[in-house]
>>> print(open('my_file30.txt').read())   # compact mmCIF, C-alpha atoms and all ligand atoms
# COMPACT_ATOMS: atom_id res chain seq x y z
CA MET G 1 24.16 -1.70 -29.14
CA LYS G 2 22.28 1.45 -28.27
CA GLN G 3 22.10 2.24 -24.59
CA ILE G 4 19.20 1.57 -22.27
CA SER G 5 17.45 4.82 -21.29
CA LYS G 6 19.37 6.81 -18.65
CA THR G 7 16.30 7.04 -16.45
CA VAL G 8 15.96 3.26 -16.40
CA GLN G 9 19.68 2.73 -15.88
CA GLU G 10 19.53 4.99 -12.85
CA LEU G 11 16.51 3.24 -11.27
CA LYS G 12 17.65 1.44 -8.15
CA PRO G 13 16.54 -2.18 -7.71
CA SER G 14 13.99 -2.65 -4.92
CA GLY G 15 15.60 -3.05 -1.49
CA ILE G 16 12.96 -5.65 -0.66
CA ARG G 17 13.77 -7.90 -3.59
CA LYS G 18 17.50 -7.68 -2.97
CA PHE G 19 16.99 -9.02 0.54
CA PHE G 20 14.63 -11.79 -0.41
CA ASP G 21 16.85 -13.14 -3.11
CA LEU G 22 19.39 -13.57 -0.32
CA ALA G 23 16.86 -15.19 2.06
CA ASN G 24 15.71 -17.65 -0.60
CA GLU G 25 19.19 -19.11 -0.80
CA ILE G 26 19.17 -20.20 2.86
CA GLU G 27 17.30 -23.29 4.04
CA GLY G 28 14.85 -23.20 6.98
CA VAL G 29 14.28 -19.44 6.87
CA ILE G 30 11.16 -18.08 8.58
CA SER G 31 10.07 -15.07 6.62
CA LEU G 32 8.20 -12.09 8.02
CA GLY G 33 8.87 -10.13 4.92
CA VAL G 34 6.14 -10.64 2.43
CA GLY G 35 3.63 -7.89 1.66
CA GLU G 36 0.62 -9.98 0.72
CA PRO G 37 -2.16 -11.78 2.58
CA ASP G 38 -1.36 -15.36 3.61
CA PHE G 39 -5.03 -16.28 2.99
CA ASP G 40 -6.09 -17.77 -0.33
CA THR G 41 -8.82 -15.93 -2.23
CA PRO G 42 -12.21 -17.01 -0.77
CA TRP G 43 -13.56 -19.84 -2.90
CA HIS G 44 -16.90 -18.25 -3.88
CA ILE G 45 -14.90 -15.41 -5.47
CA CYS G 46 -12.77 -17.88 -7.48
CA GLU G 47 -15.90 -19.75 -8.48
CA ASN G 48 -17.48 -16.68 -10.02
CA ALA G 49 -14.43 -16.27 -12.26
CA ILE G 50 -14.52 -19.96 -13.22
CA HIS G 51 -18.24 -19.70 -13.96
CA ALA G 52 -17.62 -16.65 -16.16
CA ILE G 53 -14.87 -18.41 -18.13
CA SER G 54 -17.00 -21.51 -18.61
CA HIS G 55 -19.77 -19.29 -20.00
CA GLY G 56 -17.60 -17.71 -22.67
CA LYS G 57 -16.61 -14.56 -20.78
CA THR G 58 -13.16 -14.65 -22.28
CA HIS G 59 -13.11 -11.43 -24.29
CA TYR G 60 -11.95 -7.84 -23.90
CA THR G 61 -14.16 -5.65 -21.75
CA ALA G 62 -14.70 -1.89 -22.04
CA ASN G 63 -11.42 -0.01 -21.49
CA ARG G 64 -12.64 1.27 -18.14
CA GLY G 65 -13.76 -2.23 -17.10
CA LEU G 66 -17.16 -3.95 -16.99
CA LEU G 67 -19.89 -1.41 -16.20
CA GLU G 68 -21.38 -3.89 -13.71
CA LEU G 69 -18.10 -3.87 -11.80
CA ARG G 70 -17.74 -0.10 -11.93
CA LYS G 71 -21.28 0.25 -10.57
CA ALA G 72 -20.42 -2.15 -7.74
CA ILE G 73 -17.23 -0.19 -6.96
CA SER G 74 -19.18 3.07 -6.98
CA GLU G 75 -21.81 1.72 -4.56
CA PHE G 76 -19.22 0.12 -2.29
CA HIS G 77 -17.26 3.37 -1.96
CA ALA G 78 -20.36 5.45 -1.35
CA LEU G 79 -21.63 3.13 1.39
CA ARG G 80 -18.37 2.20 3.09
CA TYR G 81 -16.24 5.32 2.75
CA ASP G 82 -18.58 8.17 1.84
CA GLN G 83 -16.66 8.61 -1.44
CA HIS G 84 -18.84 9.41 -4.43
CA TYR G 85 -17.79 8.57 -7.99
CA ASN G 86 -19.79 8.09 -11.15
CA PRO G 87 -19.32 4.61 -12.65
CA GLU G 88 -19.60 5.96 -16.21
CA ASP G 89 -16.72 8.41 -16.33
CA GLU G 90 -14.95 8.67 -12.96
CA ILE G 91 -13.76 5.07 -12.45
CA ILE G 92 -11.12 3.04 -14.31
CA VAL G 93 -10.50 -0.63 -13.48
CA THR G 94 -6.73 -1.21 -13.61
CA VAL G 95 -4.19 -4.02 -13.46
CA GLY G 96 -3.71 -3.73 -9.71
CA GLY G 97 -3.11 -0.60 -7.72
CA SER G 98 0.33 -0.79 -9.35
CA GLU G 99 -0.99 0.29 -12.75
CA GLY G 100 -2.91 3.04 -10.97
CA ILE G 101 0.29 4.54 -9.53
CA ASP G 102 1.95 4.57 -12.95
CA LEU G 103 -1.11 5.98 -14.77
CA ALA G 104 -1.57 8.77 -12.24
CA MET G 105 2.07 9.86 -12.55
CA ARG G 106 2.23 9.70 -16.33
CA THR G 107 -1.04 11.59 -16.62
CA LEU G 108 -0.10 14.41 -14.25
CA LEU G 109 3.58 15.05 -14.83
CA ASP G 110 5.57 17.16 -17.24
CA PRO G 111 9.39 16.90 -17.13
CA GLY G 112 10.78 18.62 -14.02
CA ASP G 113 7.50 18.68 -12.06
CA GLU G 114 7.93 17.97 -8.37
CA VAL G 115 6.02 15.26 -6.55
CA ILE G 116 6.02 15.17 -2.77
CA CYS G 117 6.48 11.67 -1.34
CA MET G 118 6.54 10.48 2.24
CA ASP G 119 9.76 9.03 3.62
CA PRO G 120 9.49 6.16 4.48
CA ASN G 121 6.97 5.01 1.90
CA TYR G 122 6.02 2.21 -0.49
CA VAL G 123 8.90 1.38 -2.83
CA ALA G 124 7.07 1.90 -6.15
CA TYR G 125 6.30 5.62 -5.84
CA ALA G 126 9.70 7.20 -6.50
CA PRO G 127 10.36 5.03 -9.61
CA ALA G 128 6.90 5.89 -10.97
CA VAL G 129 7.61 9.61 -10.49
CA GLU G 130 11.04 9.35 -12.09
CA LEU G 131 9.86 7.25 -15.04
CA ALA G 132 7.27 9.94 -15.74
CA GLY G 133 9.98 12.62 -15.76
CA GLY G 134 9.18 14.05 -12.33
CA LYS G 135 11.37 14.84 -9.34
CA VAL G 136 10.73 13.45 -5.86
CA VAL G 137 10.66 15.85 -2.91
CA SER G 138 10.55 14.02 0.41
CA ILE G 139 8.80 14.72 3.68
CA GLN G 140 10.35 12.85 6.59
CA LEU G 141 7.68 11.15 8.68
CA LYS G 142 8.54 10.69 12.34
CA GLU G 143 7.90 7.90 14.79
CA GLU G 144 7.01 10.40 17.55
CA ASN G 145 4.14 11.67 15.33
CA ASP G 146 2.94 8.11 14.65
CA PHE G 147 4.26 8.53 11.07
CA LYS G 148 1.43 10.94 10.18
CA LEU G 149 1.67 13.75 7.64
CA LEU G 150 1.61 17.09 9.49
CA PRO G 151 0.25 20.33 7.98
CA ASP G 152 3.43 22.36 8.56
CA ASP G 153 5.58 19.76 6.84
CA LEU G 154 3.25 19.75 3.85
CA LYS G 155 3.25 23.56 3.64
CA GLN G 156 7.03 23.67 3.66
CA ALA G 157 7.43 21.05 0.96
CA ILE G 158 5.18 22.79 -1.58
CA THR G 159 6.98 24.93 -4.19
CA PRO G 160 5.73 26.54 -7.42
CA LYS G 161 6.91 23.36 -9.19
CA THR G 162 4.85 20.96 -7.06
CA LYS G 163 2.34 19.10 -9.18
CA ALA G 164 1.24 16.38 -6.78
CA ILE G 165 1.74 14.56 -3.53
CA ILE G 166 1.50 10.80 -3.07
CA ILE G 167 0.09 9.61 0.25
CA ASN G 168 -0.64 6.12 1.52
CA PHE G 169 -2.64 5.66 4.73
CA PRO G 170 -2.90 3.07 6.23
CA SER G 171 0.75 3.04 5.33
CA ASN G 172 3.17 0.47 4.02
CA PRO G 173 5.68 0.20 5.74
CA THR G 174 4.77 1.98 9.01
CA GLY G 175 1.15 0.93 9.58
CA GLY G 176 0.43 4.61 10.31
CA VAL G 177 -3.03 6.04 9.60
CA MET G 178 -4.62 9.48 9.22
CA THR G 179 -7.98 10.26 10.86
CA TYR G 180 -10.67 12.53 9.43
CA GLU G 181 -9.50 15.24 11.87
CA ASP G 182 -5.89 14.85 10.68
CA TYR G 183 -6.98 15.34 7.06
CA GLU G 184 -9.20 18.29 7.97
CA LYS G 185 -6.03 20.26 8.79
CA LEU G 186 -4.49 19.50 5.38
CA VAL G 187 -7.53 20.43 3.29
CA PRO G 188 -7.01 24.26 3.24
CA ILE G 189 -3.36 23.80 2.21
CA ILE G 190 -4.28 21.44 -0.61
CA LYS G 191 -7.10 23.70 -1.75
CA GLU G 192 -4.95 26.83 -1.76
CA SER G 193 -1.95 25.26 -3.51
CA GLY G 194 -4.05 23.52 -6.17
CA ILE G 195 -1.82 20.42 -6.11
CA TYR G 196 -3.15 16.95 -6.89
CA VAL G 197 -3.19 14.29 -4.20
CA VAL G 198 -2.65 10.71 -5.27
CA SER G 199 -4.08 8.77 -2.36
CA ASP G 200 -3.13 5.09 -2.33
CA GLU G 201 -5.87 3.54 -0.19
CA ILE G 202 -5.11 -0.09 -0.91
CA TYR G 203 -5.12 -0.90 2.84
CA ALA G 204 -8.39 0.93 3.57
CA GLU G 205 -10.14 -2.25 4.77
CA LEU G 206 -7.23 -3.01 7.10
CA SER G 207 -7.96 -0.14 9.52
CA TYR G 208 -8.27 -1.47 13.05
CA ASP G 209 -8.79 1.15 15.70
CA GLN G 210 -10.67 3.97 14.00
CA PRO G 211 -12.84 4.32 10.91
CA PHE G 212 -10.99 4.71 7.62
CA ALA G 213 -10.81 8.33 6.46
CA SER G 214 -9.87 9.84 3.10
CA LEU G 215 -9.29 13.26 1.54
CA ALA G 216 -11.83 12.27 -1.12
CA GLN G 217 -14.49 12.74 1.59
CA PHE G 218 -13.88 16.51 1.49
CA GLU G 219 -16.02 18.06 -1.25
CA GLU G 220 -13.89 21.23 -1.47
CA VAL G 221 -10.79 19.31 -2.68
CA LYS G 222 -12.41 16.23 -4.20
CA ASP G 223 -11.51 17.23 -7.77
CA GLN G 224 -7.82 17.34 -6.79
CA ILE G 225 -7.79 13.79 -5.41
CA ILE G 226 -6.98 10.61 -7.31
CA VAL G 227 -7.86 7.54 -5.23
CA ILE G 228 -5.99 4.30 -5.87
CA ASN G 229 -7.56 1.16 -4.48
CA GLY G 230 -7.92 -2.50 -5.38
CA PHE G 231 -8.74 -6.04 -4.42
CA SER G 232 -5.27 -7.39 -3.52
CA LYS G 233 -5.16 -6.74 0.20
CA ALA G 234 -8.78 -6.56 1.37
CA PHE G 235 -9.98 -9.69 -0.46
CA ALA G 236 -6.67 -11.61 -0.59
CA MET G 237 -6.56 -11.31 -4.39
CA THR G 238 -2.96 -10.26 -5.14
CA GLY G 239 -2.50 -12.69 -8.04
CA TRP G 240 -5.65 -11.59 -9.83
CA ARG G 241 -4.04 -8.19 -10.50
CA LEU G 242 -7.07 -5.98 -10.12
CA GLY G 243 -7.34 -2.42 -8.87
CA TYR G 244 -9.06 0.83 -9.80
CA LEU G 245 -8.73 4.60 -9.95
CA LEU G 246 -11.34 7.07 -8.76
CA SER G 247 -11.01 10.70 -9.82
CA SER G 248 -12.72 13.68 -11.42
CA LYS G 249 -14.10 13.14 -14.90
CA GLU G 250 -11.37 15.30 -16.46
CA VAL G 251 -8.47 13.44 -14.84
CA SER G 252 -10.17 10.09 -15.38
CA SER G 253 -10.56 10.59 -19.11
CA ALA G 254 -6.90 11.69 -19.36
CA MET G 255 -5.76 8.57 -17.47
CA ASN G 256 -7.99 6.41 -19.63
CA LYS G 257 -6.14 7.64 -22.72
CA ILE G 258 -2.95 5.96 -21.52
CA HIS G 259 -4.78 2.92 -20.12
CA GLN G 260 -6.54 2.19 -23.43
CA TYR G 261 -3.31 2.14 -25.41
CA VAL G 262 -1.07 0.39 -22.90
CA ILE G 263 -3.39 -2.09 -21.20
CA MET G 264 -6.65 -2.07 -23.19
CA CYS G 265 -8.56 -3.52 -20.21
CA ALA G 266 -7.93 -5.41 -16.99
CA PRO G 267 -8.29 -9.24 -17.17
CA VAL G 268 -11.92 -10.23 -17.65
CA ASN G 269 -11.89 -13.25 -15.29
CA ALA G 270 -10.50 -11.11 -12.49
CA GLN G 271 -13.25 -8.56 -13.10
CA TYR G 272 -15.93 -11.24 -12.61
CA ALA G 273 -14.18 -12.39 -9.44
CA ALA G 274 -14.21 -8.80 -8.21
CA ILE G 275 -17.96 -8.42 -8.83
CA GLU G 276 -18.54 -11.40 -6.52
CA ALA G 277 -16.05 -10.05 -3.96
CA LEU G 278 -17.94 -6.76 -3.65
CA ALA G 279 -21.36 -8.44 -3.65
CA HIS G 280 -20.71 -11.22 -1.10
CA GLY G 281 -17.14 -10.93 0.18
CA MET G 282 -17.48 -8.61 3.18
CA ASP G 283 -17.81 -11.47 5.69
CA ASP G 284 -14.45 -12.77 4.45
CA VAL G 285 -12.90 -9.33 4.79
CA VAL G 286 -14.12 -9.02 8.39
CA LYS G 287 -12.82 -12.48 9.27
CA MET G 288 -9.39 -11.83 7.81
CA ARG G 289 -9.22 -8.40 9.45
CA ASN G 290 -10.02 -9.91 12.86
CA ASP G 291 -7.27 -12.47 12.39
CA TYR G 292 -4.75 -9.76 11.42
CA LEU G 293 -5.80 -7.76 14.47
CA ASP G 294 -5.11 -10.69 16.86
CA ARG G 295 -1.73 -11.21 15.23
CA ARG G 296 -0.87 -7.51 15.44
CA ASN G 297 -1.68 -7.42 19.13
CA LEU G 298 0.45 -10.47 19.85
CA LEU G 299 3.38 -9.26 17.74
CA VAL G 300 3.46 -5.70 19.10
CA SER G 301 3.28 -6.85 22.71
CA ARG G 302 6.01 -9.46 22.23
CA LEU G 303 8.32 -7.04 20.40
CA ASN G 304 7.95 -4.41 23.12
CA ARG G 305 8.48 -6.98 25.87
CA MET G 306 11.67 -8.23 24.26
CA GLY G 307 13.00 -4.66 24.05
CA LEU G 308 12.27 -3.54 20.49
CA LYS G 309 10.34 -0.28 20.80
CA THR G 310 7.28 -0.69 18.57
CA ASN G 311 4.54 1.91 18.05
CA MET G 312 1.06 0.43 17.77
CA PRO G 313 0.28 0.47 14.04
CA HIS G 314 -3.41 1.20 13.42
CA GLY G 315 -3.66 -0.31 9.96
CA THR G 316 -2.15 -2.64 7.27
CA PHE G 317 -0.38 -5.88 8.22
CA TYR G 318 3.00 -4.35 9.02
CA VAL G 319 4.76 -3.26 12.18
CA PHE G 320 7.78 -0.96 12.08
CA PRO G 321 9.86 -1.44 15.23
CA SER G 322 12.88 0.69 16.05
CA ILE G 323 16.13 -1.24 16.26
CA LYS G 324 18.21 1.81 17.22
CA GLN G 325 19.09 0.48 20.68
CA THR G 326 21.03 -2.39 19.11
CA GLY G 327 23.50 0.08 17.59
CA MET G 328 23.22 -1.72 14.23
CA THR G 329 22.05 -0.25 10.95
CA SER G 330 18.81 -1.66 9.55
CA GLU G 331 20.69 -3.68 6.94
CA GLU G 332 23.17 -5.04 9.47
CA PHE G 333 20.34 -6.03 11.79
CA CYS G 334 18.41 -7.85 9.05
CA ALA G 335 21.51 -9.53 7.62
CA LYS G 336 22.64 -10.78 11.06
CA LEU G 337 19.12 -11.87 12.02
CA LEU G 338 18.95 -13.86 8.81
CA GLU G 339 22.38 -15.37 9.23
CA GLU G 340 22.17 -16.22 12.94
CA GLU G 341 18.46 -17.01 13.47
CA LYS G 342 17.16 -17.55 9.95
CA VAL G 343 14.43 -14.92 10.22
CA ALA G 344 13.86 -12.61 7.25
CA CYS G 345 12.55 -9.06 7.76
CA VAL G 346 12.94 -6.00 5.54
CA PRO G 347 15.42 -3.24 6.48
CA GLY G 348 13.55 0.03 7.05
CA ASN G 349 15.89 1.97 4.77
CA ALA G 350 14.49 0.00 1.79
CA PHE G 351 11.55 2.44 2.13
CA GLY G 352 13.64 5.64 2.29
CA GLN G 353 16.32 7.26 4.42
CA SER G 354 13.97 7.94 7.32
CA GLY G 355 13.40 4.20 7.59
CA GLU G 356 17.00 3.80 8.80
CA GLY G 357 16.95 2.48 12.37
CA PHE G 358 13.75 0.51 11.78
CA ILE G 359 12.75 -2.83 10.29
CA ARG G 360 9.48 -3.81 8.63
CA ILE G 361 7.84 -6.95 9.92
CA SER G 362 4.78 -8.35 8.15
CA TYR G 363 2.16 -10.26 10.13
CA ALA G 364 0.44 -11.71 7.09
CA TYR G 365 1.49 -15.10 8.48
CA SER G 366 -0.13 -17.67 10.77
CA MET G 367 -0.01 -17.16 14.55
CA ASP G 368 2.22 -20.20 14.84
CA HIS G 369 4.67 -18.84 12.30
CA ILE G 370 4.73 -15.44 14.05
CA LYS G 371 5.32 -17.01 17.49
CA LYS G 372 8.24 -19.08 16.19
CA ALA G 373 9.77 -16.03 14.52
CA CYS G 374 9.34 -14.01 17.74
CA ASP G 375 11.18 -16.69 19.74
CA ARG G 376 14.07 -16.46 17.32
CA ILE G 377 14.14 -12.64 17.34
CA GLU G 378 14.10 -12.70 21.16
CA HIS G 379 17.08 -15.04 21.19
CA PHE G 380 18.88 -12.77 18.73
CA LEU G 381 18.28 -9.72 20.92
CA GLN G 382 19.54 -11.49 24.03
CA ASN G 383 22.85 -11.76 22.21
CA HIS G 384 22.90 -8.28 20.71
CA ILE G 385 20.94 -5.69 22.66
CA LYS G 386 23.02 -3.13 24.55
CA GLN G 387 21.86 -3.02 28.21
N1 LIG T 401 0.30 0.24 -2.88
C1 LIG T 401 0.84 -0.25 -1.75
C2 LIG T 401 1.04 0.68 -0.62
C3 LIG T 401 1.20 -1.59 -1.65
O1 LIG T 401 1.73 -2.06 -0.52
C4 LIG T 401 1.01 -2.43 -2.78
C5 LIG T 401 1.41 -3.89 -2.76
N2 LIG T 401 2.41 -4.26 -1.93
C6 LIG T 401 0.46 -1.87 -3.93
C7 LIG T 401 0.11 -0.55 -3.95
C8 LIG T 401 0.24 -2.69 -5.19
O2 LIG T 401 -0.85 -3.48 -5.07
P1 LIG T 401 -1.53 -4.24 -6.30
O3 LIG T 401 -1.40 -5.70 -6.00
O4 LIG T 401 -2.96 -3.78 -6.24
O5 LIG T 401 -0.85 -3.83 -7.53
>>> encode(input="my_file30.txt", output="structure tokens")
Amino acid sequence: MKQISKTVQELKPSGIRKFFDLANEIEGVISLGVGEPDFDTPWHICENAIHAISHGKTHYTANRGLLELRKAISEFHALRYDQHYNPEDEIIVTVGGSEGIDLAMRTLLDPGDEVICMDPNYVAYAPAVELAGGKVVSIQLKEENDFKLLPDDLKQAITPKTKAIIINFPSNPTGGVMTYEDYEKLVPIIKESGIYVVSDEIYAELSYDQPFASLAQFEEVKDQIIVINGFSKAFAMTGWRLGYLLSSKEVSSAMNKIHQYVIMCAPVNAQYAAIEALAHGMDDVVKMRNDYLDRRNLLVSRLNRMGLKTNMPHGTFYVFPSIKQTGMTSEEFCAKLLEEEKVACVPGNAFGQSGEGFIRISYAYSMDHIKKACDRIEHFLQNHIKQ
């Protein structure tokens, strides 16, 4: 037998999956690990997809997605985020934000190109870079800076080989955000270096304490930005697999070349669901966001009270407490917590080396579920925290 490609052989399995396979084998586990909304997709959104199917909308769409959907995306982004993209040639509807990450990397990279990634960050970025022949260069984000990207760190990471940087704010796993003023300081560096910025904004609607900001709001660098977004998190639509890419016409048509051969088009029923989501789904988004906010406040205050130092995350549905005072590694902490109290969290080092000493807790669970898990974590700490 011929060998599997070296690049694929060398890809590490996701640290999240590894842990959950373990958790699934134990009975009575309370999980705080999952990275998807606990809400079902609002029914009127499902109904629009069912209506479309029952009226024969079961065929391929345009490669870039239904024009009606692209127009709705374009209007939504202009009104909500002051981001301006032409539905005809600057938007591609993708199979989740996940396809967007892959398309962006494969479109931008030649072998050996460097891509700057945050550490810690979402687990899919480094594999996407490596599969496209690129090399990851990491910037360590720090708790004392609220896990923001600082201008000096960006400047230092850029080399003549840098092709792009991948950012994700609000951030999985830290919940960190960047404000408009934070981005303002990065703009001259991005402009001068000419690098592309792949901005994964999938958690844009889950911004709690300040308005969502984006580099795509800055006209002087807009052509260098590729925005990834989608319906999974904001509208509780993970299983529909629908996202989109916003970029300059030139980059968009290059990305569409790959998309048309590999995917053809995103699922048609999901596209009809998404049209309804953008037209009438904002009340649902607000309701879910308010629920997440209440849960965040409860979780952060309980974690701090029980002795786990937890920065207030301003977005997403994750908190990223430090477990350093227990003297355990992140993996030890999560393994013992699972074994002794049957609570599953994700070790911070699953998201990169700088995540060591932290754990990721998701609050995409009911209040009741979160309270029970907190009781168990508190009991665990009483046995393990060093006074
Ligand atoms: N980006 C980030 C930061 C995510 O957390 C996720 C999902 N966990 C994705 C992208 C992928 O989302 P989608 O369901 O749109 O593929």
>>> closest_residue(input="my_file30.txt", among="G:Pro267, G:Gly281, G:Gly175, G:Gly243", to="ligand LIG 401 (chain T)", atoms="only C-alpha atoms and all ligand atoms")
G:Gly243
>>> closest_residue(input="my_file30.txt", among="G:Asp223, G:Asp375, G:Asp291, G:Asp152", to="G:His84", atoms="all atoms listed in the file")
G:Asp223
>>> axis_aligned_box(input="my_file30.txt", around="ligand LIG 401 (chain T)", padding_each_side="5 Å", output="JSON")
{"center_x": -0.3, "center_y": -2.5, "center_z": -4.0, "size_x": 15.4, "size_y": 16.4, "size_z": 17.0}
>>> atom_distance(input="my_file30.txt", atom1="atom CA of G:Val34", atom2="atom CA of G:Leu11")
22.1 Å
>>> atom_distance(input="my_file30.txt", atom1="atom O4 of ligand LIG 401 (chain T)", atom2="atom CA of G:Phe76")
17.2 Å
>>> build_atoms(input="my_file30.txt", residues="stretch 261-276 of chain G", atoms="N, CA, C and O atoms", output="mmCIF file, in the coordinates of the input")
data_model
loop_
_atom_site.group_PDB
_atom_site.id
_atom_site.type_symbol
_atom_site.label_atom_id
_atom_site.label_comp_id
_atom_site.auth_asym_id
_atom_site.auth_seq_id
_atom_site.Cartn_x
_atom_site.Cartn_y
_atom_site.Cartn_z
ATOM 1 N N TYR G 261 -4.384 2.537 -24.486
ATOM 2 C CA TYR G 261 -3.310 2.140 -25.410
ATOM 3 C C TYR G 261 -2.385 1.087 -24.807
ATOM 4 O O TYR G 261 -1.930 0.180 -25.492
ATOM 5 N N VAL G 262 -2.115 1.230 -23.507
ATOM 6 C CA VAL G 262 -1.070 0.390 -22.900
ATOM 7 C C VAL G 262 -1.620 -0.933 -22.384
ATOM 8 O O VAL G 262 -0.955 -1.960 -22.461
ATOM 9 N N ILE G 263 -2.838 -0.910 -21.869
ATOM 10 C CA ILE G 263 -3.390 -2.090 -21.200
ATOM 11 C C ILE G 263 -4.632 -2.636 -21.922
ATOM 12 O O ILE G 263 -4.923 -3.810 -21.844
ATOM 13 N N MET G 264 -5.374 -1.734 -22.548
ATOM 14 C CA MET G 264 -6.650 -2.070 -23.190
ATOM 15 C C MET G 264 -7.738 -2.277 -22.128
ATOM 16 O O MET G 264 -8.654 -1.497 -22.017
ATOM 17 N N CYS G 265 -7.629 -3.356 -21.335
ATOM 18 C CA CYS G 265 -8.560 -3.520 -20.210
ATOM 19 C C CYS G 265 -7.937 -4.515 -19.245
ATOM 20 O O CYS G 265 -7.070 -5.304 -19.619
ATOM 21 N N ALA G 266 -8.415 -4.461 -18.006
ATOM 22 C CA ALA G 266 -7.930 -5.410 -16.990
ATOM 23 C C ALA G 266 -8.478 -6.807 -17.329
ATOM 24 O O ALA G 266 -9.477 -6.923 -18.056
ATOM 25 N N PRO G 267 -7.854 -7.876 -16.822
ATOM 26 C CA PRO G 267 -8.290 -9.240 -17.170
ATOM 27 C C PRO G 267 -9.767 -9.491 -16.841
ATOM 28 O O PRO G 267 -10.227 -9.139 -15.752
ATOM 29 N N VAL G 268 -10.457 -10.080 -17.793
ATOM 30 C CA VAL G 268 -11.920 -10.230 -17.650
ATOM 31 C C VAL G 268 -12.281 -11.187 -16.515
ATOM 32 O O VAL G 268 -13.230 -10.943 -15.760
ATOM 33 N N ASN G 269 -11.541 -12.285 -16.358
ATOM 34 C CA ASN G 269 -11.890 -13.250 -15.290
ATOM 35 C C ASN G 269 -11.749 -12.605 -13.921
ATOM 36 O O ASN G 269 -12.584 -12.800 -13.034
ATOM 37 N N ALA G 270 -10.705 -11.795 -13.770
ATOM 38 C CA ALA G 270 -10.500 -11.110 -12.490
ATOM 39 C C ALA G 270 -11.639 -10.116 -12.231
ATOM 40 O O ALA G 270 -12.066 -9.922 -11.093
ATOM 41 N N GLN G 271 -12.153 -9.507 -13.285
ATOM 42 C CA GLN G 271 -13.250 -8.560 -13.100
ATOM 43 C C GLN G 271 -14.512 -9.271 -12.601
ATOM 44 O O GLN G 271 -15.236 -8.761 -11.750
ATOM 45 N N TYR G 272 -14.763 -10.482 -13.117
ATOM 46 C CA TYR G 272 -15.930 -11.240 -12.610
ATOM 47 C C TYR G 272 -15.706 -11.674 -11.164
ATOM 48 O O TYR G 272 -16.635 -11.663 -10.350
ATOM 49 N N ALA G 273 -14.478 -12.046 -10.831
ATOM 50 C CA ALA G 273 -14.180 -12.390 -9.440
ATOM 51 C C ALA G 273 -14.466 -11.184 -8.543
ATOM 52 O O ALA G 273 -15.063 -11.306 -7.466
ATOM 53 N N ALA G 274 -14.061 -10.007 -9.012
ATOM 54 C CA ALA G 274 -14.210 -8.800 -8.210
ATOM 55 C C ALA G 274 -15.689 -8.434 -7.991
ATOM 56 O O ALA G 274 -16.058 -7.935 -6.920
ATOM 57 N N ILE G 275 -16.518 -8.689 -8.982
ATOM 58 C CA ILE G 275 -17.960 -8.420 -8.830
ATOM 59 C C ILE G 275 -18.499 -9.245 -7.657
ATOM 60 O O ILE G 275 -19.222 -8.752 -6.788
ATOM 61 N N GLU G 276 -18.101 -10.522 -7.606
ATOM 62 C CA GLU G 276 -18.540 -11.400 -6.520
ATOM 63 C C GLU G 276 -17.951 -10.929 -5.178
ATOM 64 O O GLU G 276 -18.635 -10.947 -4.146
#
